[in-house]
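Visitor: I am attaching a structure below and will ask some questions about it afterwards.
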Amino acid sequence: VCLLVLGMHRSGTSALTRVLSLSGAALPMNLIGPGEGNERGHWEPQRLVNFCEEILAELGSSWHDWRPLELEKLSKSRIEQIQERFRTIVEEEFAGHDLFVVKDPRLCRLSQLFVAALEKGDIEVCPVLLVRNPLEVSASLRQRSRLWSPHYSQAHSSLLWLSYVLAAEAET
């Protein structure tokens, strides 16, 4: 069983993921380490984050792009390749665990592909959607100036929050 934590960056997904792991759900073997704004850890599998970034770039997008993804641009064979790689990453990161937690905010926008991939591998996916006030998310993003351009307005961060939340809800 995969507990899939979905929510916009800066929404508390790291804290929830850690709580779920302390409650018995396995974390991935290769975690992203602590960083600015997440001094206790992000609790995300590095390989999965890198792969999500690759897919977003392939679609002409990024984690801070609020525009809808055009998944229909992907061929059927490319979708199958992506799903196979998702399964491989999950199987390798969580080998031997019957209950595990996966968190990467980018998966909000890619959950359709991710959930289908795991279900094809006989893994039950239980989405856990986390929502934080978009004004608080915007303020938190601005505090992480290294990752958040000063050219982005509150409207940009609000649209970004909305795109993540709606995508996660629609695809689960």
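Chain labels A, B, ... are given in the sequence in which chains occur in the structure tokens; within each chain residues are numbered consecutively from 1, and ligands are likewise numbered from 1 in the order shown.
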Go through chain A and collect every residue that DSSP, computed from the backbone, puts in helix (DSSP H, G or I); the answer should be as a ChimeraX atom specification.
Guide: /A:13-22,46-58,71-73,76-93,107-120,134-143,154-171
Visitor: So that I can check the surroundings of Tyr152 (chain A), please list as a list in words every protein, DNA and RNA residue that reaches within 10 Å of it, counting only C-alpha atoms and ignoring chain neighbours fewer than 3 positions away.
Guide: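 Surrounding residues, per the criterion: His64, Ser138, Leu141, Arg142, Trp148, Ser149, Ala155, His156 and Ser157 of chain A.
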Visitor: Which one of A:Pro28, A:Gly7, A:Pro150, A:Gly35 sits closest to Asp104 (chain A) if you count only C-alpha atoms?
Guide: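 Closest residue, counting only C-alpha atoms: A:Gly7.
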Visitor: Which one of A:Tyr164, A:Ser61, A:Ile55, A:Ser23 sits closest to Gln81 (chain A) if you count only C-alpha atoms?
Guide: A:Ile55
Visitor: Determine, counting only C-alpha atoms, which protein, DNA and RNA residues have an atom within 12 Å of an atom of Ser11 (chain A); residues of the same chain fewer than 2 positions away are not included. Present the result as a PyMOL selection string.
Guide: chain A and resi 5-9+13-17+37-38+42+103-105+129-141+161+164-165
Visitor: Given only C-alpha atoms as the basis, pick out the residue of A:Asn50, A:Gly12, A:Arg40, A:Val101 nearest to Ser62 (chain A).
Guide: A:Asn50
Visitor: Excluding region 67-71 of chain A and any residue of its chain fewer than 6 positions from it, enumerate the residues within 9 Å of it, using only C-alpha atoms, and give them as JSON, numbers by chain.
Guide: {"A": [56, 59, 60, 61, 79, 109, 110, 159, 160, 163, 167]}
Visitor: Near Val1 (chain A), counting only C-alpha atoms, which residues have an atom at most 6 Å away, once you skip same-chain residues fewer than 3 positions from it, shown as a ChimeraX atom specification?
Guide: /A:98-99,123-125
Visitor: Residues within 9 Å of Gln112 (chain A), please, as a PDB file with C-alpha atoms, in the first residue's frame. Count only C-alpha atoms; anything in the same chain fewer than 5 positions from it doesn't count.
Guide:
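Written file, out14.pdb:
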```pdb
ATOM      1  CA  LEU A 107       3.148  14.428  -8.236  1.00  0.00           C
ATOM      2  CA  ALA A 117       1.680   3.067 -12.886  1.00  0.00           C
ATOM      3  CA  ALA A 167      -4.861  18.611 -10.303  1.00  0.00           C
ATOM      4  CA  ALA A 168      -4.411  16.416  -7.219  1.00  0.00           C
ATOM      5  CA  ALA A 170      -9.169  15.786 -10.095  1.00  0.00           C
ATOM      6  CA  GLU A 171      -6.768  12.893 -10.657  1.00  0.00           C
ATOM      7  CA  THR A 172      -7.404  11.027  -7.436  1.00  0.00           C
TER       8      THR A 172
END
```
Visitor: Enumerate, as an NGL selection string, the complete set of residues in region 14-153 of chain A that a backbone-based DSSP assignment places in strand (DSSP E or B).
Guide: :A and (26 or 31 or 35 or 38 or 45 or 100-103 or 125-129)
Visitor: Please save N, CA, C and O atoms of the selected residues as a JSON list (two decimals), in the first residue's frame.
Guide:
```
[["chain", "number", "residue", "atom", "x", "y", "z"],
["A", 26, "ALA", "N", 6.91, 3.09, 5.59],
["A", 26, "ALA", "CA", 8.33, 3.17, 5.23],
["A", 26, "ALA", "C", 8.62, 4.40, 4.38],
["A", 26, "ALA", "O", 7.81, 4.80, 3.54],
["A", 31, "LEU", "N", 16.71, 9.58, 0.35],
["A", 31, "LEU", "CA", 15.97, 10.79, 0.63],
["A", 31, "LEU", "C", 16.74, 12.04, 0.23],
["A", 31, "LEU", "O", 17.97, 12.08, 0.31],
["A", 35, "GLY", "N", 17.03, 21.04, 4.05],
["A", 35, "GLY", "CA", 17.39, 22.23, 3.28],
["A", 35, "GLY", "C", 16.67, 23.45, 3.83],
["A", 35, "GLY", "O", 15.93, 23.37, 4.81],
["A", 38, "ASN", "N", 13.15, 23.47, 5.25],
["A", 38, "ASN", "CA", 12.84, 22.10, 5.67],
["A", 38, "ASN", "C", 14.07, 21.53, 6.38],
["A", 38, "ASN", "O", 14.68, 20.56, 5.92],
["A", 45, "PRO", "N", 11.86, 11.02, -2.14],
["A", 45, "PRO", "CA", 12.88, 10.22, -2.81],
["A", 45, "PRO", "C", 13.56, 11.03, -3.91],
["A", 45, "PRO", "O", 12.90, 11.53, -4.83],
["A", 100, "PHE", "N", 4.12, 1.99, 2.60],
["A", 100, "PHE", "CA", 5.12, 3.03, 2.46],
["A", 100, "PHE", "C", 4.45, 4.35, 2.09],
["A", 100, "PHE", "O", 3.31, 4.39, 1.65],
["A", 101, "VAL", "N", 5.21, 5.44, 2.30],
["A", 101, "VAL", "CA", 4.69, 6.78, 2.03],
["A", 101, "VAL", "C", 5.55, 7.44, 0.96],
["A", 101, "VAL", "O", 6.78, 7.41, 1.02],
["A", 102, "VAL", "N", 4.87, 8.01, -0.05],
["A", 102, "VAL", "CA", 5.53, 8.73, -1.13],
["A", 102, "VAL", "C", 5.07, 10.17, -1.11],
["A", 102, "VAL", "O", 3.87, 10.44, -1.03],
["A", 103, "LYS", "N", 6.03, 11.07, -1.19],
["A", 103, "LYS", "CA", 5.70, 12.49, -1.20],
["A", 103, "LYS", "C", 6.62, 13.21, -2.18],
["A", 103, "LYS", "O", 7.85, 13.05, -2.12],
["A", 125, "VAL", "N", -2.98, 2.42, -4.06],
["A", 125, "VAL", "CA", -2.60, 3.81, -3.78],
["A", 125, "VAL", "C", -3.71, 4.47, -2.97],
["A", 125, "VAL", "O", -4.87, 4.48, -3.38],
["A", 126, "CYS", "N", -3.33, 5.02, -1.82],
["A", 126, "CYS", "CA", -4.26, 5.75, -0.97],
["A", 126, "CYS", "C", -3.81, 7.21, -0.93],
["A", 126, "CYS", "O", -2.89, 7.56, -0.18],
["A", 127, "PRO", "N", -4.44, 8.06, -1.74],
["A", 127, "PRO", "CA", -4.04, 9.47, -1.75],
["A", 127, "PRO", "C", -4.44, 10.17, -0.45],
["A", 127, "PRO", "O", -5.51, 9.92, 0.10],
["A", 128, "VAL", "N", -3.54, 11.02, 0.01],
["A", 128, "VAL", "CA", -3.79, 11.87, 1.17],
["A", 128, "VAL", "C", -3.55, 13.30, 0.69],
["A", 128, "VAL", "O", -2.41, 13.67, 0.41],
["A", 129, "LEU", "N", -4.63, 14.06, 0.55],
["A", 129, "LEU", "CA", -4.50, 15.43, 0.03],
["A", 129, "LEU", "C", -4.41, 16.41, 1.19],
["A", 129, "LEU", "O", -5.22, 16.37, 2.11]]
```
